[in-house]
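Shown next: final09.cif, containing mmCIF, C-alpha atoms.
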```
data_target
loop_
_atom_site.group_PDB
_atom_site.id
_atom_site.type_symbol
_atom_site.label_atom_id
_atom_site.label_comp_id
_atom_site.auth_asym_id
_atom_site.auth_seq_id
_atom_site.Cartn_x
_atom_site.Cartn_y
_atom_site.Cartn_z
ATOM 1 C CA MET B 1 0.000 0.000 0.000
ATOM 2 C CA LYS B 2 1.220 3.425 -0.802
ATOM 3 C CA GLY B 3 2.406 5.422 2.216
ATOM 4 C CA LYS B 4 0.043 8.232 1.284
ATOM 5 C CA THR B 5 -3.036 6.034 1.755
ATOM 6 C CA LEU B 6 -1.733 4.782 5.090
ATOM 7 C CA GLU B 7 -1.236 8.337 6.332
ATOM 8 C CA GLU B 8 -4.633 9.447 5.008
ATOM 9 C CA TYR B 9 -6.313 6.488 6.711
ATOM 10 C CA LYS B 10 -4.599 7.216 10.017
ATOM 11 C CA HIS B 11 -5.566 10.896 9.826
ATOM 12 C CA ILE B 12 -9.227 10.057 9.202
ATOM 13 C CA ILE B 13 -9.358 7.418 11.938
ATOM 14 C CA ALA B 14 -7.735 9.862 14.377
ATOM 15 C CA SER B 15 -10.502 12.382 13.586
ATOM 16 C CA CYS B 16 -13.134 9.678 14.048
ATOM 17 C CA LYS B 17 -11.583 8.544 17.322
ATOM 18 C CA ASP B 18 -11.496 12.106 18.630
ATOM 19 C CA LEU B 19 -15.216 12.481 17.890
ATOM 20 C CA PHE B 20 -15.940 9.035 19.387
ATOM 21 C CA GLU B 21 -14.116 10.008 22.587
ATOM 22 C CA LYS B 22 -15.979 13.308 22.890
ATOM 23 C CA LYS B 23 -19.363 11.701 22.241
ATOM 24 C CA THR B 24 -18.576 8.943 24.742
ATOM 25 C CA LYS B 25 -17.873 11.623 27.333
ATOM 26 C CA ASP B 26 -21.069 13.507 26.387
ATOM 27 C CA TYR B 27 -23.469 10.569 26.011
ATOM 28 C CA GLY B 28 -21.734 7.635 27.654
ATOM 29 C CA THR B 29 -22.223 4.326 25.896
ATOM 30 C CA ALA B 30 -25.962 4.592 25.284
ATOM 31 C CA TRP B 31 -25.267 2.682 22.030
ATOM 32 C CA ARG B 32 -24.791 -0.475 24.135
ATOM 33 C CA ILE B 33 -28.603 -0.786 24.237
ATOM 34 C CA LEU B 34 -28.709 -1.221 20.438
ATOM 35 C CA ARG B 35 -28.932 -4.604 18.812
ATOM 36 C CA LEU B 36 -26.606 -5.086 15.864
ATOM 37 C CA SER B 37 -29.545 -4.786 13.468
ATOM 38 C CA SER B 38 -30.322 -1.339 14.918
ATOM 39 C CA MET B 39 -26.724 -0.241 14.325
ATOM 40 C CA THR B 40 -27.009 -1.487 10.763
ATOM 41 C CA ASP B 41 -30.149 0.599 10.328
ATOM 42 C CA GLN B 42 -28.381 3.661 11.773
ATOM 43 C CA ILE B 43 -25.607 3.230 9.186
ATOM 44 C CA PHE B 44 -28.272 2.747 6.498
ATOM 45 C CA ILE B 45 -29.918 6.061 7.442
ATOM 46 C CA LYS B 46 -26.586 7.871 7.111
ATOM 47 C CA ALA B 47 -25.756 6.250 3.758
ATOM 48 C CA GLN B 48 -29.264 6.912 2.422
ATOM 49 C CA ARG B 49 -28.983 10.586 3.420
ATOM 50 C CA ILE B 50 -25.664 10.843 1.585
ATOM 51 C CA ARG B 51 -27.221 9.346 -1.549
ATOM 52 C CA SER B 52 -30.246 11.614 -1.297
ATOM 53 C CA ILE B 53 -28.046 14.723 -1.072
ATOM 54 C CA GLN B 54 -25.857 13.494 -3.933
ATOM 55 C CA GLU B 55 -28.917 12.963 -6.136
ATOM 56 C CA LYS B 56 -30.719 16.204 -5.207
ATOM 57 C CA GLY B 57 -27.595 18.343 -5.217
ATOM 58 C CA THR B 58 -28.909 20.268 -2.211
ATOM 59 C CA GLN B 59 -29.533 19.726 1.465
ATOM 60 C CA LYS B 60 -31.707 21.383 4.088
ATOM 61 C CA VAL B 61 -29.884 20.196 7.229
ATOM 62 C CA ASP B 62 -26.436 21.676 7.818
ATOM 63 C CA ASP B 63 -24.643 18.383 8.646
ATOM 64 C CA ASP B 64 -22.335 17.805 5.697
ATOM 65 C CA ILE B 65 -21.761 14.585 3.790
ATOM 66 C CA ASN B 66 -18.257 14.156 5.215
ATOM 67 C CA GLY B 67 -19.770 14.136 8.692
ATOM 68 C CA GLU B 68 -22.092 11.348 7.608
ATOM 69 C CA PHE B 69 -19.154 9.273 6.303
ATOM 70 C CA ILE B 70 -17.420 9.831 9.654
ATOM 71 C CA GLY B 71 -20.616 8.628 11.332
ATOM 72 C CA ILE B 72 -20.590 5.484 9.195
ATOM 73 C CA ILE B 73 -16.976 4.820 10.178
ATOM 74 C CA ASN B 74 -17.721 5.232 13.871
ATOM 75 C CA TYR B 75 -20.898 3.145 13.762
ATOM 76 C CA CYS B 76 -19.011 0.372 11.941
ATOM 77 C CA LEU B 77 -16.356 0.448 14.666
ATOM 78 C CA ILE B 78 -19.037 0.530 17.366
ATOM 79 C CA ALA B 79 -20.765 -2.462 15.738
ATOM 80 C CA MET B 80 -17.513 -4.430 15.700
ATOM 81 C CA ILE B 81 -16.882 -3.490 19.347
ATOM 82 C CA GLN B 82 -20.445 -4.488 20.240
ATOM 83 C CA MET B 83 -19.852 -7.872 18.567
ATOM 84 C CA GLU B 84 -16.952 -8.438 20.969
ATOM 85 C CA LEU B 85 -18.955 -7.513 24.050
ATOM 86 C CA SER B 86 -21.626 -9.634 25.676
ATOM 87 C CA ASP B 87 -24.837 -8.853 27.493
ATOM 88 C CA GLU B 88 -22.936 -9.563 30.709
ATOM 89 C CA ASP B 89 -20.547 -6.671 30.046
ATOM 90 C CA GLU B 90 -21.507 -3.442 31.733
ATOM 91 C CA MET B 91 -23.789 -1.062 29.909
ATOM 92 C CA GLU B 92 -21.709 2.009 30.700
ATOM 93 C CA ILE B 93 -18.094 1.621 29.642
ATOM 94 C CA PRO B 94 -15.583 4.444 30.063
ATOM 95 C CA PHE B 95 -13.644 5.599 27.010
ATOM 96 C CA GLU B 96 -10.388 4.344 28.546
ATOM 97 C CA LYS B 97 -11.731 0.767 28.382
ATOM 98 C CA LEU B 98 -13.184 1.248 24.896
ATOM 99 C CA GLU B 99 -10.094 2.857 23.390
ATOM 100 C CA PRO B 100 -8.111 -0.412 23.024
ATOM 101 C CA LEU B 101 -11.122 -2.045 21.330
ATOM 102 C CA PHE B 102 -11.541 0.950 19.014
ATOM 103 C CA ASP B 103 -7.822 0.873 18.148
ATOM 104 C CA LYS B 104 -7.756 -2.910 17.601
ATOM 105 C CA ASN B 105 -10.732 -2.877 15.247
ATOM 106 C CA ALA B 106 -9.416 0.161 13.345
ATOM 107 C CA SER B 107 -5.996 -1.495 13.017
ATOM 108 C CA GLU B 108 -7.431 -4.809 11.810
ATOM 109 C CA THR B 109 -9.559 -2.914 9.286
ATOM 110 C CA LEU B 110 -6.470 -1.038 8.090
ATOM 111 C CA ASP B 111 -4.729 -4.395 7.592
ATOM 112 C CA LEU B 112 -7.660 -5.522 5.432
ATOM 113 C CA LEU B 113 -7.456 -2.278 3.459
ATOM 114 C CA ALA B 114 -3.716 -2.794 2.899
ATOM 115 C CA ASN B 115 -4.242 -6.345 1.640
ATOM 116 C CA LYS B 116 -7.063 -5.370 -0.705
ATOM 117 C CA ASN B 117 -5.204 -2.278 -1.865
ATOM 118 C CA HIS B 118 -2.256 -4.492 -2.778
ATOM 119 C CA ASP B 119 -4.453 -6.781 -4.861
ATOM 120 C CA TYR B 120 -6.592 -4.056 -6.462
ATOM 121 C CA GLY B 121 -3.843 -1.473 -6.954
ATOM 122 C CA GLU B 122 -5.776 1.399 -5.357
ATOM 123 C CA ALA B 123 -8.475 1.203 -8.027
ATOM 124 C CA TRP B 124 -10.776 3.046 -5.600
ATOM 125 C CA ARG B 125 -8.906 6.276 -6.384
ATOM 126 C CA ASP B 126 -10.569 6.236 -9.818
ATOM 127 C CA MET B 127 -14.069 5.726 -8.420
ATOM 128 C CA ARG B 128 -16.783 8.310 -8.002
ATOM 129 C CA VAL B 129 -17.887 9.100 -4.431
ATOM 130 C CA SER B 130 -21.458 8.399 -5.587
ATOM 131 C CA SER B 131 -20.419 4.858 -6.582
ATOM 132 C CA ILE B 132 -18.815 4.372 -3.178
ATOM 133 C CA THR B 133 -22.099 5.440 -1.574
ATOM 134 C CA ASP B 134 -23.954 2.868 -3.676
ATOM 135 C CA ILE B 135 -21.498 0.123 -2.686
ATOM 136 C CA ILE B 136 -21.970 0.990 0.985
ATOM 137 C CA LEU B 137 -25.750 0.770 0.520
ATOM 138 C CA MET B 138 -25.369 -2.591 -1.259
ATOM 139 C CA LYS B 139 -23.229 -3.899 1.603
ATOM 140 C CA LEU B 140 -25.869 -2.690 4.059
ATOM 141 C CA LEU B 141 -28.530 -4.679 2.211
ATOM 142 C CA ARG B 142 -26.219 -7.705 2.410
ATOM 143 C CA VAL B 143 -25.740 -7.166 6.145
ATOM 144 C CA LYS B 144 -29.503 -6.890 6.653
ATOM 145 C CA GLN B 145 -29.966 -10.188 4.815
ATOM 146 C CA ILE B 146 -27.266 -11.876 6.908
ATOM 147 C CA GLU B 147 -28.924 -10.528 10.055
ATOM 148 C CA ASP B 148 -32.298 -11.808 8.834
ATOM 149 C CA ASN B 149 -30.597 -15.195 8.336
ATOM 150 C CA GLU B 150 -29.434 -15.066 11.984
ATOM 151 C CA GLY B 151 -25.831 -14.516 10.923
ATOM 152 C CA LYS B 152 -25.622 -17.682 8.841
ATOM 153 C CA THR B 153 -23.988 -17.583 5.425
ATOM 154 C CA ILE B 154 -23.179 -20.366 2.987
ATOM 155 C CA VAL B 155 -20.259 -18.889 1.041
ATOM 156 C CA SER B 156 -20.379 -15.191 1.823
ATOM 157 C CA GLU B 157 -18.337 -13.037 4.149
ATOM 158 C CA GLY B 158 -19.887 -12.445 7.534
ATOM 159 C CA LEU B 159 -21.044 -9.326 9.305
ATOM 160 C CA ARG B 160 -17.629 -8.175 10.501
ATOM 161 C CA ALA B 161 -16.093 -8.262 7.016
ATOM 162 C CA ASN B 162 -18.974 -6.181 5.675
ATOM 163 C CA TYR B 163 -18.626 -3.610 8.469
ATOM 164 C CA GLN B 164 -14.907 -3.433 7.692
ATOM 165 C CA ASP B 165 -15.602 -2.915 3.988
ATOM 166 C CA MET B 166 -18.136 -0.144 4.701
ATOM 167 C CA LEU B 167 -15.632 1.523 7.010
ATOM 168 C CA ASN B 168 -12.906 1.365 4.367
ATOM 169 C CA TYR B 169 -15.188 2.639 1.600
ATOM 170 C CA SER B 170 -16.147 5.559 3.864
ATOM 171 C CA VAL B 171 -12.450 6.327 4.353
ATOM 172 C CA PHE B 172 -12.010 6.253 0.568
ATOM 173 C CA ALA B 173 -14.939 8.635 0.126
ATOM 174 C CA LEU B 174 -13.439 11.067 2.621
ATOM 175 C CA ILE B 175 -10.055 10.907 0.889
ATOM 176 C CA LEU B 176 -11.622 11.496 -2.524
ATOM 177 C CA SER B 177 -13.726 14.356 -1.118
ATOM 178 C CA GLY B 178 -10.599 16.158 0.040
ATOM 179 C CA PHE B 179 -11.200 15.644 3.770
ATOM 180 C CA VAL B 180 -7.476 15.007 4.172
ATOM 181 C CA LYS B 181 -5.376 17.885 2.899
#
```
Re-express the file's structure as structure tokens.
Amino acid sequence: MKGKTLEEYKHIIASCKDLFEKKTKDYGTAWRILRLSSMTDQIFIKAQRIRSIQEKGTQKVDDDINGEFIGIINYCLIAMIQMELSDEDEMEIPFEKLEPLFDKNASETLDLLANKNHDYGEAWRDMRVSSITDIILMKLLRVKQIEDNEGKTIVSEGLRANYQDMLNYSVFALILSGFVK
């Protein structure tokens, strides 16, 4: 993987982590109440809003598209963290205990990005952000189907791999949108 992509990824994840930390301090871990399917739907809402704004060319709520991609990244990381936790784990978890889980999942997702980038030769750099949005929506529909099948797949990747892909595509969208200068 090119060093530039690695640095861009790290910059974006650092921004996401900073927001995650601040929101954890503001709201606690209220997200612990959500089932995985509810997190998937939250990501779907964000991706659908992005597509709607891209198609209409205007928006009426000030939150920008980049903020929605950051939200997708954080919800994907939260979903992966939630998958590692059990109902027996406490509902309220301080950021200091969540930080290693956030970092581990972000690092493992970066490793996946590096491996795919090697094989695909950074083809994503020639994609349109609108196509990336569509791919994220497609992956969300796949995740919903896997959830409806109680997590069982025959030959397909599981939930975690799809969350990782949506996270990485959101990073790509932010890079292509000029979020990283």
Item to check | CA of Ala47 in chain B to CA of Lys97 in chain B, distance in Å rounded to a single decimal | outcome: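 Rounded to one decimal, the two atoms are 28.9 Å apart.
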Checklist entry - What do you get, as a PyMOL selection string, if you spell out every residue that the PyMOL selection byres ((chain B and resi 168) around 8) selects here? => result chain B and resi 73+109-110+113+164-167+169-172
Output C-alpha atoms for every residue in that selection, as a PDB file, in the coordinates of the input.
```pdb
ATOM      1  CA  ILE B  73     -16.976   4.820  10.178  1.00  0.00           C
ATOM      2  CA  THR B 109      -9.559  -2.914   9.286  1.00  0.00           C
ATOM      3  CA  LEU B 110      -6.470  -1.038   8.090  1.00  0.00           C
ATOM      4  CA  LEU B 113      -7.456  -2.278   3.459  1.00  0.00           C
ATOM      5  CA  GLN B 164     -14.907  -3.433   7.692  1.00  0.00           C
ATOM      6  CA  ASP B 165     -15.602  -2.915   3.988  1.00  0.00           C
ATOM      7  CA  MET B 166     -18.136  -0.144   4.701  1.00  0.00           C
ATOM      8  CA  LEU B 167     -15.632   1.523   7.010  1.00  0.00           C
ATOM      9  CA  TYR B 169     -15.188   2.639   1.600  1.00  0.00           C
ATOM     10  CA  SER B 170     -16.147   5.559   3.864  1.00  0.00           C
ATOM     11  CA  VAL B 171     -12.450   6.327   4.353  1.00  0.00           C
ATOM     12  CA  PHE B 172     -12.010   6.253   0.568  1.00  0.00           C
TER      13      PHE B 172
END
```
Item to check | Residues selected by the PyMOL selection byres ((chain B and resi 129) around 9), written as a ChimeraX atom specification | outcome: /B:127-128,130-134,172-174,176-177
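Shortest atom-to-atom contact with Leu77 in chain B among B:Ala114, B:Met39, B:Ile175, B:Val61: B:Met39, counting all atoms listed in the file.
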Checklist entry - Which residues, written as an MDAnalysis selection string, have at least one atom at most 7 Å from range 102-104 of chain B, with all atoms listed in the file counted and residues fewer than 4 positions away on the same chain left out? => result chainID B and resid 77 81 98 108
Item to check | All residues 10 Å or closer to Asn162 in chain B, only C-alpha atoms, same chain fewer than 5 positions away omitted, as a ChimeraX atom specification | outcome: /B:76,136,139-140,142-143,156-157,167-168
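The nearest approach to Met138 in chain B among the residues B:Ser15, B:Gln59, B:Gln54, B:Gln48, with only C-alpha atoms taken into account, belongs to B:Gln48.
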Checklist entry - With only C-alpha atoms as the basis for distance, which of B:Asn115, B:Asn74, B:Ser86, B:Asn105 is at the shortest distance from Thr40 in chain B? => result B:Asn74
Can you put N, CA and C atoms back into range 41-69 of chain B and show it as a PDB file, in the frame of the given file?
```pdb
ATOM      1  N   ASP B  41     -29.154  -0.360  10.804  1.00  0.00           N
ATOM      2  CA  ASP B  41     -30.149   0.599  10.328  1.00  0.00           C
ATOM      3  C   ASP B  41     -29.668   2.040  10.506  1.00  0.00           C
ATOM      4  N   GLN B  42     -28.929   2.316  11.571  1.00  0.00           N
ATOM      5  CA  GLN B  42     -28.381   3.661  11.773  1.00  0.00           C
ATOM      6  C   GLN B  42     -27.386   3.997  10.659  1.00  0.00           C
ATOM      7  N   ILE B  43     -26.552   3.036  10.300  1.00  0.00           N
ATOM      8  CA  ILE B  43     -25.607   3.230   9.186  1.00  0.00           C
ATOM      9  C   ILE B  43     -26.382   3.426   7.884  1.00  0.00           C
ATOM     10  N   PHE B  44     -27.441   2.642   7.705  1.00  0.00           N
ATOM     11  CA  PHE B  44     -28.272   2.747   6.498  1.00  0.00           C
ATOM     12  C   PHE B  44     -28.853   4.155   6.366  1.00  0.00           C
ATOM     13  N   ILE B  45     -29.351   4.708   7.477  1.00  0.00           N
ATOM     14  CA  ILE B  45     -29.918   6.061   7.442  1.00  0.00           C
ATOM     15  C   ILE B  45     -28.873   7.068   6.969  1.00  0.00           C
ATOM     16  N   LYS B  46     -27.650   6.942   7.487  1.00  0.00           N
ATOM     17  CA  LYS B  46     -26.586   7.871   7.111  1.00  0.00           C
ATOM     18  C   LYS B  46     -26.236   7.718   5.625  1.00  0.00           C
ATOM     19  N   ALA B  47     -26.100   6.493   5.165  1.00  0.00           N
ATOM     20  CA  ALA B  47     -25.756   6.250   3.758  1.00  0.00           C
ATOM     21  C   ALA B  47     -26.884   6.711   2.833  1.00  0.00           C
ATOM     22  N   GLN B  48     -28.123   6.488   3.238  1.00  0.00           N
ATOM     23  CA  GLN B  48     -29.264   6.912   2.422  1.00  0.00           C
ATOM     24  C   GLN B  48     -29.329   8.435   2.338  1.00  0.00           C
ATOM     25  N   ARG B  49     -29.009   9.116   3.438  1.00  0.00           N
ATOM     26  CA  ARG B  49     -28.983  10.586   3.420  1.00  0.00           C
ATOM     27  C   ARG B  49     -27.905  11.083   2.464  1.00  0.00           C
ATOM     28  N   ILE B  50     -26.743  10.454   2.497  1.00  0.00           N
ATOM     29  CA  ILE B  50     -25.664  10.843   1.585  1.00  0.00           C
ATOM     30  C   ILE B  50     -26.137  10.707   0.144  1.00  0.00           C
ATOM     31  N   ARG B  51     -26.745   9.573  -0.176  1.00  0.00           N
ATOM     32  CA  ARG B  51     -27.221   9.346  -1.549  1.00  0.00           C
ATOM     33  C   ARG B  51     -28.280  10.368  -1.937  1.00  0.00           C
ATOM     34  N   SER B  52     -29.188  10.646  -1.027  1.00  0.00           N
ATOM     35  CA  SER B  52     -30.246  11.614  -1.297  1.00  0.00           C
ATOM     36  C   SER B  52     -29.659  12.988  -1.615  1.00  0.00           C
ATOM     37  N   ILE B  53     -28.689  13.419  -0.831  1.00  0.00           N
ATOM     38  CA  ILE B  53     -28.046  14.723  -1.072  1.00  0.00           C
ATOM     39  C   ILE B  53     -27.284  14.701  -2.392  1.00  0.00           C
ATOM     40  N   GLN B  54     -26.592  13.592  -2.670  1.00  0.00           N
ATOM     41  CA  GLN B  54     -25.857  13.494  -3.933  1.00  0.00           C
ATOM     42  C   GLN B  54     -26.814  13.587  -5.117  1.00  0.00           C
ATOM     43  N   GLU B  55     -27.963  12.957  -5.028  1.00  0.00           N
ATOM     44  CA  GLU B  55     -28.917  12.963  -6.136  1.00  0.00           C
ATOM     45  C   GLU B  55     -29.625  14.310  -6.281  1.00  0.00           C
ATOM     46  N   LYS B  56     -29.991  14.929  -5.157  1.00  0.00           N
ATOM     47  CA  LYS B  56     -30.719  16.204  -5.207  1.00  0.00           C
ATOM     48  C   LYS B  56     -29.795  17.388  -5.457  1.00  0.00           C
ATOM     49  N   GLY B  57     -28.543  17.247  -5.048  1.00  0.00           N
ATOM     50  CA  GLY B  57     -27.595  18.343  -5.217  1.00  0.00           C
ATOM     51  C   GLY B  57     -27.751  19.448  -4.187  1.00  0.00           C
ATOM     52  N   THR B  58     -28.698  19.283  -3.272  1.00  0.00           N
ATOM     53  CA  THR B  58     -28.909  20.268  -2.211  1.00  0.00           C
ATOM     54  C   THR B  58     -29.239  19.532  -0.922  1.00  0.00           C
ATOM     55  N   GLN B  59     -29.149  20.278   0.170  1.00  0.00           N
ATOM     56  CA  GLN B  59     -29.533  19.726   1.465  1.00  0.00           C
ATOM     57  C   GLN B  59     -30.156  20.815   2.303  1.00  0.00           C
ATOM     58  N   LYS B  60     -31.018  20.417   3.238  1.00  0.00           N
ATOM     59  CA  LYS B  60     -31.707  21.383   4.088  1.00  0.00           C
ATOM     60  C   LYS B  60     -31.217  21.341   5.532  1.00  0.00           C
ATOM     61  N   VAL B  61     -30.476  20.305   5.897  1.00  0.00           N
ATOM     62  CA  VAL B  61     -29.884  20.196   7.229  1.00  0.00           C
ATOM     63  C   VAL B  61     -28.395  20.452   7.069  1.00  0.00           C
ATOM     64  N   ASP B  62     -27.823  21.235   7.960  1.00  0.00           N
ATOM     65  CA  ASP B  62     -26.436  21.676   7.818  1.00  0.00           C
ATOM     66  C   ASP B  62     -25.391  20.570   7.873  1.00  0.00           C
ATOM     67  N   ASP B  63     -25.640  19.440   8.529  1.00  0.00           N
ATOM     68  CA  ASP B  63     -24.643  18.383   8.646  1.00  0.00           C
ATOM     69  C   ASP B  63     -24.165  17.968   7.263  1.00  0.00           C
ATOM     70  N   ASP B  64     -22.852  18.083   7.034  1.00  0.00           N
ATOM     71  CA  ASP B  64     -22.335  17.805   5.697  1.00  0.00           C
ATOM     72  C   ASP B  64     -22.132  16.306   5.456  1.00  0.00           C
ATOM     73  N   ILE B  65     -21.933  15.978   4.195  1.00  0.00           N
ATOM     74  CA  ILE B  65     -21.761  14.585   3.790  1.00  0.00           C
ATOM     75  C   ILE B  65     -20.545  13.964   4.463  1.00  0.00           C
ATOM     76  N   ASN B  66     -19.446  14.715   4.570  1.00  0.00           N
ATOM     77  CA  ASN B  66     -18.257  14.156   5.215  1.00  0.00           C
ATOM     78  C   ASN B  66     -18.562  13.731   6.644  1.00  0.00           C
ATOM     79  N   GLY B  67     -19.374  14.505   7.342  1.00  0.00           N
ATOM     80  CA  GLY B  67     -19.770  14.136   8.692  1.00  0.00           C
ATOM     81  C   GLY B  67     -20.552  12.834   8.728  1.00  0.00           C
ATOM     82  N   GLU B  68     -21.339  12.607   7.692  1.00  0.00           N
ATOM     83  CA  GLU B  68     -22.092  11.348   7.608  1.00  0.00           C
ATOM     84  C   GLU B  68     -21.156  10.164   7.362  1.00  0.00           C
ATOM     85  N   PHE B  69     -20.129  10.353   6.512  1.00  0.00           N
ATOM     86  CA  PHE B  69     -19.154   9.273   6.303  1.00  0.00           C
ATOM     87  C   PHE B  69     -18.393   8.982   7.597  1.00  0.00           C
TER      88      PHE B  69
END
```
